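Just below is one structure, and these are the notes that go with it.
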Amino acid sequence: MATERKEIKQPKPLPAPNSDFYELVETLPAEEVAVVKQVRTFMETKVAPIITKYWVDDAFPFELLPAIKELNIGGVGMEGYGCRGGSELLFGLVAMEMSRFDSSIATFFGVHNGLAMGSIYLGGSEEQKQKWLPPMARWEKIGCFGLTEPLVGSGASGGLTTTAKRDGDTWIINGQKKWIGNSPWCDISIIWARDVADNQVKGFIVENKTTPGFSVEKIQNKIALKVVQNGLITMDNCRIPEENRLQVDKSFRDTAHVLKMTRYLVAWEATGCAMGAYENALKYCQERLQFGKPIASFQLVQDLLAKMLANITASQCMVVRTAQLQAEGKLTDAHAAIAKAFTTAKCRETVAWARELLGGNGIAADYNVGRFFADSEALYSYEGTYQIQNLIIGKAITGFSAFV
């Protein structure tokens, strides 16, 4: 009689961490899906292996710039002038994919592509667009956006202390800007200053390295977005030619058009940050053993992971609709504000749960989650605080302004 053999069952492979639960990337046209996947590959192969060291060292990985140029995503979401073009949804998903691996790289991209290029794209003359946007799209000129000041953050609309005074064919700019990403090393700054003649805010394209009286001091000892190099800009009688004043912009309302666009871009970044924390935490839970089995098999762990994924999926659906509204020309300040407020708050909650799941390892940079945990604090505050966003929403839904 033959000996009966028992079939040995191979363990079923575990699902790979995937935070795009509703497959939103697949709603793009095939050519734009390819762009998102190209960015994902770049982040996986070029950024992920080195970014923790740069984050710990508070340094920017300049070695990545040639590879970033090869991605051909400069000016994504903008048409003409050598820009990549593509849909509003593509612009957001690119930012989300970047932030999924590192929020600092996403912020670097958002400052250059969204704030600096966006200011010229929306507020510049045809001549200014032709001059500045092509080299910026090619990443030959890197930009920053100087609005926030040492004593003026949320109150920027009510009284910038940086002044601009017309003197013939030039403007004399005096003042300081603080927390300006990319400024310690970039080529041009979009500087917003109050015209002393009419008390209105105007924008200027300042060439950092050739403008006398323009200096930047790198801000040290940050605990978030450490790869982004932030600076304190000081302008002492900087003379800027009239041809470098953004010709379309006349007041802070024009500045707000740029902020509306980039405010919802931060919502994409916050969503990506939450995705990165979730995926790293899930992988950790699948591998970490306690009491003889993976902690991912425990009920309380699965409960947290499910809540994290729900936060992420809700945020993704919100920002996708926001991109659709922008593409239709229907996006309002309140639409952008609610997206920024909701996604950054949910990101903060999600990364806190991710850190909790890793226990003590959650505060070690080597496990990545601690990096997302810290970076979420900056996303929560910049481009308008949570409370300011809620006041913008409150004004829209009640008809009353609660700003003072």
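Identifiers for the structure tokens are assigned positionally: chains receive A, B, ... in sequence, residues are indexed from 1 per chain, and ligands are indexed from 1 in the order shown.
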Mind the document's chain letters and residue numbers, and return as JSON, numbers by chain the residues of region 36-238 of chain A that DSSP labels strand (DSSP E).
{"A": [143, 144, 145, 146, 163, 164, 165, 166, 167, 170, 171, 172, 173, 174, 175, 176, 177, 178, 179, 180, 181, 188, 189, 190, 191, 192, 193, 194, 195, 201, 202, 203, 204, 205, 206, 207, 214, 215, 216, 217, 218, 230, 231, 232, 233, 234, 235, 236, 237, 238]}
What's around Gly276 (chain A) at 7 Å? Count only C-alpha atoms, leave out sequence neighbours fewer than 4 positions away in its own chain, and write the answer as an mmCIF file with C-alpha atoms, in the first residue's frame.
data_model
loop_
_atom_site.group_PDB
_atom_site.id
_atom_site.type_symbol
_atom_site.label_atom_id
_atom_site.label_comp_id
_atom_site.auth_asym_id
_atom_site.auth_seq_id
_atom_site.Cartn_x
_atom_site.Cartn_y
_atom_site.Cartn_z
ATOM 1 C CA ARG A 100 3.953 59.524 -1.082
ATOM 2 C CA PHE A 101 7.722 59.016 -0.866
ATOM 3 C CA GLY A 272 0.426 61.724 -0.462
ATOM 4 C CA ASN A 280 5.241 52.015 5.421
#
Quick one: everything within 9 Å of Val216 (chain A), counting only C-alpha atoms, minus sequence neighbours fewer than 6 positions away in the same chain. Send it as a list in words.
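Answer for this query is Ser183, Pro184, Trp185, Asn208, Gly231, Leu232, Ile233, Thr234 and Met235 of chain A.
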Selection export as a PDB file, in the first residue's frame, atoms kept: C-alpha atoms:
ATOM      1  CA  SER A 183      15.406  80.527  -1.630  1.00  0.00           C
ATOM      2  CA  PRO A 184      18.913  79.757  -0.263  1.00  0.00           C
ATOM      3  CA  TRP A 185      20.021  78.402  -3.636  1.00  0.00           C
ATOM      4  CA  ASN A 208      18.635  86.385  -6.752  1.00  0.00           C
ATOM      5  CA  GLY A 231      15.460  80.961   3.853  1.00  0.00           C
ATOM      6  CA  LEU A 232      15.150  84.380   5.409  1.00  0.00           C
ATOM      7  CA  ILE A 233      15.379  86.844   2.520  1.00  0.00           C
ATOM      8  CA  THR A 234      16.564  90.387   3.210  1.00  0.00           C
ATOM      9  CA  MET A 235      16.181  93.133   0.601  1.00  0.00           C
TER      10      MET A 235
END
Set the distance at 7 Å and use only C-alpha atoms: which residues neighbour Ala95 (chain A) once local chain neighbours fewer than 4 positions away are removed? I'd like the list as a PyMOL selection string.
chain A and resi 91+99+106+268-269
Selection near Thr332 (chain A), 10 Å with only C-alpha atoms, sequence-local residues under 2 positions removed, as an mmCIF file with N, CA and C atoms, in the first residue's frame:
data_model
loop_
_atom_site.group_PDB
_atom_site.id
_atom_site.type_symbol
_atom_site.label_atom_id
_atom_site.label_comp_id
_atom_site.auth_asym_id
_atom_site.auth_seq_id
_atom_site.Cartn_x
_atom_site.Cartn_y
_atom_site.Cartn_z
ATOM 1 N N HIS A 257 -5.134 84.452 -6.465
ATOM 2 C CA HIS A 257 -5.394 83.480 -7.530
ATOM 3 C C HIS A 257 -4.325 82.384 -7.522
ATOM 4 N N LYS A 260 -4.826 80.220 -4.338
ATOM 5 C CA LYS A 260 -5.945 79.279 -4.467
ATOM 6 C C LYS A 260 -5.488 78.014 -5.167
ATOM 7 N N MET A 261 -4.725 78.176 -6.238
ATOM 8 C CA MET A 261 -4.229 77.027 -6.991
ATOM 9 C C MET A 261 -3.284 76.173 -6.150
ATOM 10 N N THR A 322 -11.751 68.469 -6.526
ATOM 11 C CA THR A 322 -11.204 69.823 -6.548
ATOM 12 C C THR A 322 -10.498 70.094 -7.882
ATOM 13 N N LEU A 325 -13.088 70.706 -10.528
ATOM 14 C CA LEU A 325 -13.639 72.067 -10.435
ATOM 15 C C LEU A 325 -12.669 73.091 -11.004
ATOM 16 N N GLN A 326 -11.382 72.922 -10.723
ATOM 17 C CA GLN A 326 -10.374 73.837 -11.266
ATOM 18 C C GLN A 326 -10.365 73.769 -12.787
ATOM 19 N N GLY A 329 -13.109 75.677 -14.306
ATOM 20 C CA GLY A 329 -13.133 77.097 -13.982
ATOM 21 C C GLY A 329 -14.106 77.444 -12.873
ATOM 22 N N LYS A 330 -14.453 76.469 -12.042
ATOM 23 C CA LYS A 330 -15.449 76.670 -10.985
ATOM 24 C C LYS A 330 -14.852 76.690 -9.577
ATOM 25 N N ALA A 334 -13.165 79.010 -1.242
ATOM 26 C CA ALA A 334 -13.722 78.123 -0.225
ATOM 27 C C ALA A 334 -13.526 76.656 -0.597
ATOM 28 N N HIS A 335 -13.651 76.326 -1.896
ATOM 29 C CA HIS A 335 -13.384 74.952 -2.335
ATOM 30 C C HIS A 335 -11.954 74.549 -1.993
ATOM 31 N N ALA A 336 -11.007 75.419 -2.329
ATOM 32 C CA ALA A 336 -9.600 75.125 -2.056
ATOM 33 C C ALA A 336 -9.336 75.053 -0.560
ATOM 34 N N ALA A 337 -9.982 75.948 0.188
ATOM 35 C CA ALA A 337 -9.757 76.001 1.637
ATOM 36 C C ALA A 337 -10.236 74.738 2.332
ATOM 37 N N ILE A 393 -13.985 79.308 4.589
ATOM 38 C CA ILE A 393 -15.185 78.485 4.370
ATOM 39 C C ILE A 393 -16.393 79.119 5.064
ATOM 40 N N ALA A 396 -17.934 81.935 3.210
ATOM 41 C CA ALA A 396 -18.665 81.495 2.019
ATOM 42 C C ALA A 396 -20.034 80.917 2.367
#
Write out as a list of chain:residue names the residues lying within 6 Å of region 348-358 of chain A, counting only C-alpha atoms and excluding same-chain residues fewer than 6 positions away.
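The residues satisfying every condition are A:Ala274, A:Ala277, A:Ala281, A:Met308, A:Phe373, A:Ser376.
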Using only C-alpha atoms, which residues of region 114-188 of chain A come within 9 Å of region 71-77 of chain A, and what is the closest atom pair for each, with the distance in Å to one decimal? Give it as a tab-separated table, sorted by chain and residue number.
residue	atom	partner	partner_atom	distance
A:Gly114	CA	A:Gly75	CA	8.2
A:Met117	CA	A:Gly75	CA	7.2
A:Gly118	CA	A:Gly75	CA	8.5
A:Leu133	CA	A:Gly75	CA	7.9
A:Pro134	CA	A:Gly75	CA	8.7
A:Met136	CA	A:Gly74	CA	7.0
A:Ala137	CA	A:Gly74	CA	4.0
A:Arg138	CA	A:Gly74	CA	6.1
A:Trp139	CA	A:Gly74	CA	6.7
Write the residues of the selection above to a file with C-alpha atoms, as a compact mmCIF listing (two decimals), in the first residue's frame.
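Contents of part-v5.txt, freshly written:
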# COMPACT_ATOMS: atom_id res chain seq x y z
CA GLY A 114 3.08 75.87 -8.65
CA MET A 117 5.88 79.40 -12.37
CA GLY A 118 2.20 79.81 -11.50
CA LEU A 133 8.59 80.05 -18.31
CA PRO A 134 10.59 78.04 -20.90
CA MET A 136 11.84 77.25 -15.71
CA ALA A 137 10.00 74.39 -17.42
CA ARG A 138 13.41 72.97 -18.37
CA TRP A 139 14.58 73.39 -14.75
Would you mind listing what lies within 10 Å of Gln302 (chain A) as a ChimeraX atom specification, with only C-alpha atoms counted and same-chain residues fewer than 6 positions away left out?
/A:282,285,295-296,308
In Å, rounded to a single decimal, give me how far CA of Pro49 (chain A) is from CA of Ser104 (chain A).
14.7 Å
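The nearest approach to Gly143 (chain A) among the residues A:Asn174, A:Thr162, A:Ser189, A:Gln130, with only C-alpha atoms taken into account, belongs to A:Ser189.
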Step one, run DSSP on the backbone; step two, keep only residues of region 186-312 of chain A assigned to alpha helix (DSSP H); then write them as a ChimeraX atom specification.
/A:252-287,299-312
Please produce a file of the residues just selected, as a PDB file, in the first residue's frame, where the atoms kept are C-alpha atoms.
ATOM      1  CA  PHE A 252      -3.529  91.075  -3.334  1.00  0.00           C
ATOM      2  CA  ARG A 253      -6.594  89.643  -5.061  1.00  0.00           C
ATOM      3  CA  ASP A 254      -4.310  88.714  -7.934  1.00  0.00           C
ATOM      4  CA  THR A 255      -1.875  87.072  -5.508  1.00  0.00           C
ATOM      5  CA  ALA A 256      -4.809  85.104  -4.117  1.00  0.00           C
ATOM      6  CA  HIS A 257      -5.394  83.480  -7.530  1.00  0.00           C
ATOM      7  CA  VAL A 258      -1.995  81.817  -7.217  1.00  0.00           C
ATOM      8  CA  LEU A 259      -2.619  80.879  -3.588  1.00  0.00           C
ATOM      9  CA  LYS A 260      -5.945  79.279  -4.467  1.00  0.00           C
ATOM     10  CA  MET A 261      -4.229  77.027  -6.991  1.00  0.00           C
ATOM     11  CA  THR A 262      -1.369  76.071  -4.695  1.00  0.00           C
ATOM     12  CA  ARG A 263      -3.566  75.724  -1.610  1.00  0.00           C
ATOM     13  CA  TYR A 264      -5.317  72.762  -3.117  1.00  0.00           C
ATOM     14  CA  LEU A 265      -1.933  71.483  -4.325  1.00  0.00           C
ATOM     15  CA  VAL A 266      -0.966  71.225  -0.643  1.00  0.00           C
ATOM     16  CA  ALA A 267      -4.086  69.087  -0.196  1.00  0.00           C
ATOM     17  CA  TRP A 268      -2.619  66.669  -2.754  1.00  0.00           C
ATOM     18  CA  GLU A 269       0.711  66.715  -0.910  1.00  0.00           C
ATOM     19  CA  ALA A 270      -0.973  66.045   2.434  1.00  0.00           C
ATOM     20  CA  THR A 271      -2.844  63.125   0.894  1.00  0.00           C
ATOM     21  CA  GLY A 272       0.426  61.724  -0.462  1.00  0.00           C
ATOM     22  CA  CYS A 273       2.116  62.159   2.925  1.00  0.00           C
ATOM     23  CA  ALA A 274      -0.647  60.131   4.583  1.00  0.00           C
ATOM     24  CA  MET A 275      -0.307  57.474   1.859  1.00  0.00           C
ATOM     25  CA  GLY A 276       3.410  57.123   2.471  1.00  0.00           C
ATOM     26  CA  ALA A 277       2.978  56.776   6.225  1.00  0.00           C
ATOM     27  CA  TYR A 278       0.194  54.223   5.773  1.00  0.00           C
ATOM     28  CA  GLU A 279       2.100  52.075   3.286  1.00  0.00           C
ATOM     29  CA  ASN A 280       5.241  52.015   5.421  1.00  0.00           C
ATOM     30  CA  ALA A 281       3.208  51.202   8.533  1.00  0.00           C
ATOM     31  CA  LEU A 282       1.282  48.415   6.780  1.00  0.00           C
ATOM     32  CA  LYS A 283       4.467  46.776   5.504  1.00  0.00           C
ATOM     33  CA  TYR A 284       5.954  47.000   8.989  1.00  0.00           C
ATOM     34  CA  CYS A 285       2.858  45.405  10.541  1.00  0.00           C
ATOM     35  CA  GLN A 286       2.959  42.548   8.028  1.00  0.00           C
ATOM     36  CA  GLU A 287       6.558  41.756   9.011  1.00  0.00           C
ATOM     37  CA  GLN A 299      -7.777  43.226  15.536  1.00  0.00           C
ATOM     38  CA  LEU A 300      -6.712  46.560  17.013  1.00  0.00           C
ATOM     39  CA  VAL A 301      -3.960  46.953  14.423  1.00  0.00           C
ATOM     40  CA  GLN A 302      -6.354  46.199  11.562  1.00  0.00           C
ATOM     41  CA  ASP A 303      -8.827  48.696  13.003  1.00  0.00           C
ATOM     42  CA  LEU A 304      -6.214  51.470  12.855  1.00  0.00           C
ATOM     43  CA  LEU A 305      -5.077  50.493   9.360  1.00  0.00           C
ATOM     44  CA  ALA A 306      -8.669  50.524   8.096  1.00  0.00           C
ATOM     45  CA  LYS A 307      -9.286  53.977   9.577  1.00  0.00           C
ATOM     46  CA  MET A 308      -6.063  55.258   8.034  1.00  0.00           C
ATOM     47  CA  LEU A 309      -7.074  53.978   4.605  1.00  0.00           C
ATOM     48  CA  ALA A 310     -10.526  55.549   4.969  1.00  0.00           C
ATOM     49  CA  ASN A 311      -8.930  58.934   5.745  1.00  0.00           C
ATOM     50  CA  ILE A 312      -6.706  58.613   2.698  1.00  0.00           C
TER      51      ILE A 312
END
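If only C-alpha atoms are the atoms counted, then among A:Asp236, A:Lys222, A:Ala339, A:Lys129 the closest residue to Ile205 (chain A) is A:Lys129.
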